[in-house]
Structures are given as C-alpha cells and as structure tokens.
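Student: Sharing upload_19.txt below, compact mmCIF, C-alpha atoms:
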# COMPACT_ATOMS: atom_id res chain seq x y z
CA MET L 1 0.00 0.00 0.00
CA SER L 2 1.25 3.50 -0.80
CA VAL L 3 -0.01 6.99 -0.03
CA SER L 4 0.76 10.55 -1.11
CA ASP L 5 3.36 12.43 0.91
CA PHE L 6 1.19 15.59 0.97
CA ALA L 7 4.40 17.66 0.96
CA GLU L 8 2.86 20.39 -1.20
CA LEU L 9 -0.01 21.06 1.21
CA THR L 10 0.03 24.09 3.51
CA LYS L 11 0.34 23.05 7.14
CA ASN L 12 -2.54 23.90 9.51
CA ALA L 13 -4.67 25.18 6.63
CA THR L 14 -8.38 24.68 7.26
CA PRO L 15 -11.13 24.59 4.61
CA GLU L 16 -12.90 27.87 3.89
CA LYS L 17 -16.35 27.42 5.47
CA ARG L 18 -18.08 29.72 2.98
CA LEU L 19 -16.84 27.53 0.13
CA LEU L 20 -18.05 24.24 1.64
CA GLN L 21 -21.29 22.58 0.64
CA LYS L 22 -23.07 19.50 1.88
CA LYS L 23 -22.51 16.60 -0.50
CA ARG L 24 -25.58 14.50 -0.98
CA ARG L 25 -24.89 10.78 -1.25
CA THR L 26 -27.14 8.31 -3.02
CA ASN L 27 -24.88 5.26 -2.52
CA GLY L 28 -25.81 3.83 -5.91
CA ARG L 29 -29.55 3.67 -5.12
CA ASN L 30 -32.49 5.79 -6.20
CA ASN L 31 -35.44 7.03 -4.11
CA GLN L 32 -37.03 3.57 -4.27
CA GLY L 33 -33.94 1.85 -2.87
CA ILE L 34 -33.14 0.15 -6.17
CA ILE L 35 -29.46 -0.03 -7.16
CA THR L 36 -28.95 2.14 -10.24
CA VAL L 37 -25.15 2.45 -9.98
CA ARG L 38 -23.41 -0.79 -9.06
CA HIS L 39 -20.48 -1.12 -6.68
CA ARG L 40 -21.10 2.16 -4.84
CA GLY L 41 -21.96 2.60 -1.19
CA GLY L 42 -20.58 3.45 2.24
CA GLY L 43 -17.36 5.40 2.46
CA HIS L 44 -16.28 8.35 4.51
CA LYS L 45 -18.42 11.48 4.73
CA ARG L 46 -17.23 14.36 2.56
CA GLN L 47 -17.98 18.02 2.09
CA PHE L 48 -17.96 19.47 -1.40
CA ARG L 49 -15.54 22.32 -2.15
CA LEU L 50 -16.91 24.96 -4.52
CA ILE L 51 -14.27 25.32 -7.24
CA ASP L 52 -14.02 28.34 -9.52
CA PHE L 53 -13.69 26.74 -12.95
CA ARG L 54 -14.78 29.90 -14.80
CA ARG L 55 -12.05 32.19 -13.47
CA ASN L 56 -14.18 35.19 -14.44
CA LYS L 57 -12.93 37.67 -11.83
CA ASP L 58 -11.00 39.70 -14.40
CA GLY L 59 -8.39 42.35 -13.69
CA ILE L 60 -8.33 41.79 -9.90
CA GLU L 61 -5.11 40.42 -8.47
CA ALA L 62 -5.33 37.37 -6.25
CA LYS L 63 -2.82 35.95 -3.79
CA VAL L 64 -2.45 32.23 -3.10
CA ALA L 65 -3.35 31.82 0.58
CA SER L 66 -2.88 28.03 0.87
CA ILE L 67 -2.69 24.72 -0.99
CA GLN L 68 -5.23 22.23 0.36
CA TYR L 69 -6.42 18.65 0.00
CA ASP L 70 -9.74 17.98 -1.72
CA PRO L 71 -11.34 14.59 -0.99
CA ASN L 72 -13.55 14.87 -4.08
CA ARG L 73 -10.81 15.04 -6.75
CA SER L 74 -7.32 13.75 -7.49
CA ALA L 75 -5.79 17.23 -7.86
CA ARG L 76 -4.94 19.66 -5.07
CA ILE L 77 -6.81 22.93 -4.73
CA ALA L 78 -5.50 26.42 -4.02
CA LEU L 79 -7.32 29.03 -1.96
CA LEU L 80 -7.11 32.48 -3.57
CA LYS L 81 -7.61 35.71 -1.67
CA TYR L 82 -8.52 38.65 -3.94
CA LEU L 83 -7.75 42.29 -3.20
CA ASP L 84 -11.44 43.00 -2.61
CA GLY L 85 -11.54 40.33 0.11
CA GLU L 86 -13.32 37.57 -1.82
CA ARG L 87 -11.94 34.04 -1.60
CA ARG L 88 -12.19 31.29 -4.19
CA TYR L 89 -10.84 27.79 -4.75
CA ILE L 90 -9.09 26.80 -7.99
CA VAL L 91 -7.42 23.61 -9.21
CA ALA L 92 -3.78 23.98 -8.17
CA PRO L 93 -1.19 23.72 -10.99
CA ASP L 94 2.15 22.06 -10.37
CA GLY L 95 4.69 24.48 -8.89
CA LEU L 96 2.19 27.00 -7.52
CA LYS L 97 3.42 28.33 -4.17
CA VAL L 98 1.78 30.20 -1.31
CA GLY L 99 2.13 33.95 -1.73
CA VAL L 100 2.23 33.93 -5.54
CA LYS L 101 0.02 36.53 -7.21
CA ILE L 102 -2.13 35.49 -10.19
CA LEU L 103 -4.52 37.20 -12.61
CA SER L 104 -7.42 36.30 -14.86
CA GLY L 105 -8.83 37.80 -18.03
CA THR L 106 -7.70 39.47 -21.24
CA GLY L 107 -4.30 41.11 -21.04
CA SER L 108 -2.97 38.90 -18.24
CA PRO L 109 0.64 37.71 -18.66
CA PRO L 110 1.02 34.00 -19.56
CA ASN L 111 2.44 33.07 -16.15
CA LEU L 112 1.81 29.95 -14.08
CA GLY L 113 -1.74 29.90 -12.73
CA ASN L 114 -3.01 32.81 -14.83
CA CYS L 115 -6.20 32.34 -16.84
CA LEU L 116 -6.59 33.96 -20.25
CA PRO L 117 -8.22 33.30 -23.64
CA LEU L 118 -6.61 30.83 -26.05
CA SER L 119 -6.14 33.72 -28.48
CA GLU L 120 -3.53 35.24 -26.13
CA ILE L 121 -1.71 32.09 -25.00
CA PRO L 122 1.65 31.44 -26.72
CA LEU L 123 1.84 28.43 -29.03
CA GLY L 124 3.40 25.38 -27.41
CA ALA L 125 2.24 26.35 -23.93
CA GLU L 126 1.01 23.64 -21.54
CA ILE L 127 -2.48 24.43 -20.26
CA HIS L 128 -5.27 22.91 -18.17
CA ASN L 129 -8.84 23.67 -17.03
CA ILE L 130 -9.84 24.39 -20.64
CA GLU L 131 -13.28 25.57 -21.70
CA ILE L 132 -15.12 23.86 -24.55
CA HIS L 133 -17.70 26.65 -24.85
CA PRO L 134 -16.89 30.27 -23.96
CA ASN L 135 -17.93 31.42 -20.47
CA ARG L 136 -19.14 27.98 -19.39
CA GLY L 137 -16.12 27.13 -17.25
CA GLY L 138 -13.22 24.74 -17.66
CA ALA L 139 -14.15 21.18 -18.59
CA LEU L 140 -10.95 19.61 -19.99
CA CYS L 141 -7.73 18.58 -18.19
CA ARG L 142 -8.75 19.01 -14.58
CA SER L 143 -7.45 15.77 -13.00
CA ALA L 144 -4.06 15.26 -11.35
CA GLY L 145 -1.08 15.54 -13.71
CA SER L 146 -3.15 16.29 -16.82
CA LYS L 147 -2.31 18.92 -19.42
CA ALA L 148 -2.94 19.86 -23.03
CA THR L 149 -0.66 21.62 -25.50
CA LEU L 150 -1.70 24.53 -27.70
CA VAL L 151 -0.26 23.52 -31.10
CA ALA L 152 -1.97 25.82 -33.63
CA ARG L 153 -4.35 28.73 -33.97
CA ASP L 154 -6.42 30.31 -36.74
CA GLN L 155 -7.45 33.83 -35.80
CA GLU L 156 -9.68 34.30 -38.87
CA ALA L 157 -11.59 31.05 -38.41
CA GLY L 158 -11.69 31.52 -34.64
CA TRP L 159 -10.32 28.09 -33.75
CA ALA L 160 -7.38 26.79 -31.72
CA GLN L 161 -5.95 23.28 -31.97
CA LEU L 162 -5.12 21.40 -28.78
CA ASN L 163 -3.10 18.23 -28.37
CA MET L 164 -4.99 16.37 -25.65
CA PRO L 165 -3.45 13.93 -23.11
CA SER L 166 -5.02 11.00 -24.98
CA GLY L 167 -3.26 11.94 -28.23
CA GLU L 168 -6.44 13.38 -29.72
CA ILE L 169 -6.17 16.71 -31.55
CA ARG L 170 -9.26 18.83 -31.00
CA ARG L 171 -10.47 22.24 -32.13
CA VAL L 172 -11.68 24.72 -29.51
CA PRO L 173 -12.91 28.31 -30.03
CA ILE L 174 -10.15 30.82 -29.34
CA LYS L 175 -12.52 32.78 -27.09
CA CYS L 176 -12.42 29.90 -24.60
CA ARG L 177 -10.20 30.32 -21.58
CA ALA L 178 -7.50 28.09 -20.15
CA VAL L 179 -5.06 28.18 -17.25
CA ILE L 180 -1.29 28.14 -17.78
CA GLY L 181 0.53 25.13 -16.34
CA VAL L 182 0.12 21.43 -15.56
CA VAL L 183 -2.26 20.16 -12.90
CA GLY L 184 -0.33 19.19 -9.77
CA ASN L 185 -0.13 15.92 -7.79
CA ALA L 186 1.10 13.95 -10.81
CA ASP L 187 2.12 11.03 -8.54
CA HIS L 188 -1.54 10.25 -7.89
CA MET L 189 -1.48 7.63 -10.65
CA ASN L 190 1.25 5.68 -8.80
CA ILE L 191 -0.75 5.16 -5.60
CA GLU L 192 -1.35 1.50 -4.68
CA ILE L 193 -4.62 0.89 -2.82
CA GLY L 194 -3.07 -2.11 -1.08
CA LYS L 195 -6.13 -3.58 0.65
CA ALA L 196 -9.86 -4.00 0.17
CA GLY L 197 -10.77 -1.90 3.20
CA ARG L 198 -9.19 1.19 1.69
CA SER L 199 -11.52 0.90 -1.29
CA ARG L 200 -14.47 0.72 1.10
CA TRP L 201 -13.32 3.97 2.73
CA MET L 202 -13.71 5.60 -0.69
CA GLY L 203 -17.21 4.22 -1.18
CA ARG L 204 -16.28 1.41 -3.59
CA ARG L 205 -18.02 -1.88 -2.93
CA PRO L 206 -16.88 -5.32 -4.18
CA HIS L 207 -17.08 -6.01 -7.91
CA VAL L 208 -18.36 -9.52 -8.72
CA ARG L 209 -17.49 -11.07 -12.09
CA GLY L 210 -20.39 -11.77 -14.42
CA THR L 211 -19.21 -15.33 -15.08
CA ALA L 212 -19.54 -16.08 -11.35
CA MET L 213 -23.27 -15.17 -11.40
CA ASN L 214 -26.40 -17.02 -12.39
CA PRO L 215 -27.99 -16.50 -15.82
CA ILE L 216 -30.80 -14.42 -14.30
CA ASP L 217 -28.29 -11.96 -12.85
CA HIS L 218 -25.90 -11.45 -15.77
CA PRO L 219 -25.63 -12.38 -19.48
CA HIS L 220 -22.32 -14.14 -18.73
CA GLY L 221 -23.75 -16.23 -15.91
CA GLY L 222 -24.48 -19.95 -15.79
CA GLY L 223 -22.97 -22.86 -17.70
CA GLU L 224 -21.43 -26.16 -16.67
CA GLY L 225 -18.13 -25.52 -14.90
CA ARG L 226 -16.06 -22.43 -15.51
CA THR L 227 -16.89 -20.63 -18.75
CA LYS L 228 -15.89 -17.43 -20.47
CA GLY L 229 -19.48 -16.30 -20.71
CA GLY L 230 -20.33 -17.85 -24.06
CA ARG L 231 -20.72 -14.50 -25.83
CA HIS L 232 -18.85 -11.30 -26.50
CA PRO L 233 -18.29 -9.19 -23.35
CA VAL L 234 -21.34 -7.14 -22.39
CA THR L 235 -22.62 -5.17 -19.41
CA PRO L 236 -25.37 -6.58 -17.14
CA THR L 237 -27.91 -4.82 -19.38
CA GLY L 238 -26.45 -6.36 -22.55
CA LYS L 239 -24.56 -3.34 -23.88
CA PRO L 240 -21.32 -4.34 -25.70
CA THR L 241 -18.10 -3.47 -23.93
CA LYS L 242 -14.32 -4.05 -24.06
CA GLY L 243 -13.38 -2.54 -27.41
CA THR L 244 -16.76 -1.91 -29.02
CA SER L 245 -17.39 1.70 -29.98
CA THR L 246 -20.20 3.21 -27.89
CA ARG L 247 -19.85 6.81 -29.06
CA LYS L 248 -22.78 8.23 -31.02
CA LYS L 249 -21.96 8.38 -34.73
CA ARG L 250 -23.78 11.69 -35.17
CA LYS L 251 -22.46 13.40 -32.05
CA THR L 252 -22.27 17.14 -32.71
CA THR L 253 -18.73 17.50 -31.33
CA ASN L 254 -17.33 15.04 -33.89
CA LYS L 255 -16.60 17.98 -36.18
CA ALA L 256 -14.23 19.41 -33.54
CA ILE L 257 -12.04 16.28 -33.50
CA ILE L 258 -9.25 16.55 -36.08
CA ARG L 259 -7.42 13.37 -35.08
CA ARG L 260 -8.73 10.52 -32.95
CA ARG L 261 -6.94 9.35 -29.87
CA LYS L 262 -4.73 6.26 -29.74
CA SER L 263 -6.84 3.26 -28.81
CA ARG L 264 -7.95 -0.18 -29.87
CA ARG L 265 -11.41 1.25 -30.41
CA TYR L 266 -10.45 3.91 -32.94
CA GLY L 267 -7.18 2.49 -34.24
CA VAL L 268 -3.79 4.19 -34.09
CA LEU L 269 -4.26 7.92 -34.73
CA LYS L 270 -7.09 7.31 -37.15
CA LEU L 271 -8.11 10.37 -39.11
CA SER L 272 -11.71 11.43 -38.59
Can you give me the file's structure in the form of structure tokens?

Tutor:
Amino acid sequence: MSVSDFAELTKNATPEKRLLQKKRRTNGRNNQGIITVRHRGGGHKRQFRLIDFRRNKDGIEAKVASIQYDPNRSARIALLKYLDGERRYIVAPDGLKVGVKILSGTGSPPNLGNCLPLSEIPLGAEIHNIEIHPNRGGALCRSAGSKATLVARDQEAGWAQLNMPSGEIRRVPIKCRAVIGVVGNADHMNIEIGKAGRSRWMGRRPHVRGTAMNPIDHPHGGGEGRTKGGRHPVTPTGKPTKGTSTRKKRKTTNKAIIRRRKSRRYGVLKLS
C-alpha cells in the first residue's frame, strides 16, 4: 500500500467554510432503494468544495493563501484571496506556491496559474482547465497531472488546436479560456490501494465477475463448470463493452475532432 506524501499542502490550513457545501450521497440507489449504480456505497463522509472553474474575476489580483487537500478530486486545490476580500478555490497547478500573485482575463501575462483566452496564450504552452464553450467554465484537463498543449491557432476562423493527453487533436474556439501550467499531484497515478478496506473507505463496494453469477443476474452467468461467458463481453444490461465503440456516430462534437486518440477502439491515430 502506498499513499501521497502531501508535501505540497500548507500546514494547519483549514477549509474555507463559505466555500463548503453538503454533499448528498445516493450510494448507488435511487429514491425507491433500487441499485442504479453498481459497486457504490458506504465510504467516509465528505464536504464538497466549490471550485471556480470559470475564473471570471477579471483584472483583480489574487494571492495564493494556501494549498489544500480535496477529498472529491485527485488534484490539489489552491485558496485564492482577492484584493477586494473575496476568496475562491481553484485547481492547483504544479509548482504553484503560497504567496504567488495570479490574474485572470484578457491582457494577463502567460504566467503559471493565470487564466486567459486561447487567443492570447503562446503556441506550445502547456495548459489545463480548458473551456469547450466560452464562459461555461473549464471542462478539460482538470485531473491530477493532466495537461494539453496549444499547437496551432487560426485567428480568422476563430479556432485553436489542442493536443490532448489521450493523443487526440481537437479544435476549440479561441474565445475559450485556459489556465497556464500542468495540474499538480502527478504522482496520484502511482498510488497503490493495497487492501480492500481502503476501497471501502472511498465508497467502492466489491465487484463480482459476471461469469460467477447465475444466468438471471448477468448475461455471462451460468454454464457447466467455468466458462468465459459464451458470448462477447457485455454489461449486465447487454450493452457491448471491451473494445466496441459506444460513441454516437452523429455526435455534434465530432466535427471538432481533427485526429482521434490512440486506442484499440479507434485504431492508431485514425483520421476522422
């Protein structure tokens, strides 16, 4: 079993009470008590931290007050204190230190932690917390260690090309905003859970194989002796899985994908 060293966290920093919200838990069941999400339940109680993904407080300088742990995400969060007294949480990029001053909006310098439109970010810059639609808030590259690279830009057409962590190249409007830097806590992917009880602390219940069930419980169940299911891998509801494409063929965002990601599903860098 391995854990994070939490060396980047600010000692004795307490969560900002005004930015905490009660997190409602359904434990995988609906209002009738029927399991709608399998393998979820229990776990430690958590409070939700309100994160500022929009970064729309333009032109007002903010100072990093502390770097804190967030139980709801893999990345660390930074508490910002603005000159007018307001406080907000943001996803903390790697290398952000307490006391650093950051800015948001048009005209901000492309420094670590600053948020500005893609039209003003230098080509080749590593970015995170990227908007897909202007003014809707960051939706891409928000987990620990993730980043995208701005590789091209067409001012006349109004598009910017991003090289995503998956290898996919995607177009995004240049009016969308992004934050300079790479999301911190990159070692999160190396954590070993180590024991079953630790998964239960996180609200993850045991996962039973379909081939170990009865035919009434799963399409792979039943049979004399041990079997491989007798059919191509499917979910309990019969939806194909393990390599079968489940993306909608007429999805509206298909036109924004210039090059598919590397995968068995789409082939190696298959052109769209």

Student: Considering all atoms listed in the file, state which residue in the set L:Arg40, L:Lys22, L:Arg87, L:Lys175 is at the smallest distance from L:Ser119.

Tutor: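 Between L:Arg40, L:Lys22, L:Arg87, L:Lys175, the residue approaching L:Ser119 most closely is L:Lys175.
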
Student: Which one of L:Ala178, L:Gln32, L:Glu61, L:Gly43 sits closest to L:Gly197 if you count all atoms listed in the file?

Tutor: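 Ranking L:Ala178, L:Gln32, L:Glu61, L:Gly43 by distance to L:Gly197, first place goes to L:Gly43.
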
Student: So what do you get for atom CA of L:Thr237 versus atom CA of L:Arg205, distance-wise?

Tutor: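 According to the coordinates, atom CA of L:Thr237 and atom CA of L:Arg205 are separated by 19.4 Å.
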
Student: How many Å lie between atom CA of L:Asp5 and atom CA of L:Cys141, rounded to one decimal?

Tutor: 22.9 Å

Student: Quick one: distance from atom CA of L:Ile67 to atom CA of L:Arg142 in Å, one decimal?

Tutor: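 Interatomic distance, atom CA of L:Ile67 to atom CA of L:Arg142: 15.9 Å.
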
Student: Given the choices L:Met189, L:Ala13, L:Ile60, L:Ile169, which gets closest to L:Gly145 if the distance is worked out from all atoms listed in the file?

Tutor: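 Using all atoms listed in the file, the shortest distance to L:Gly145 belongs to L:Met189.
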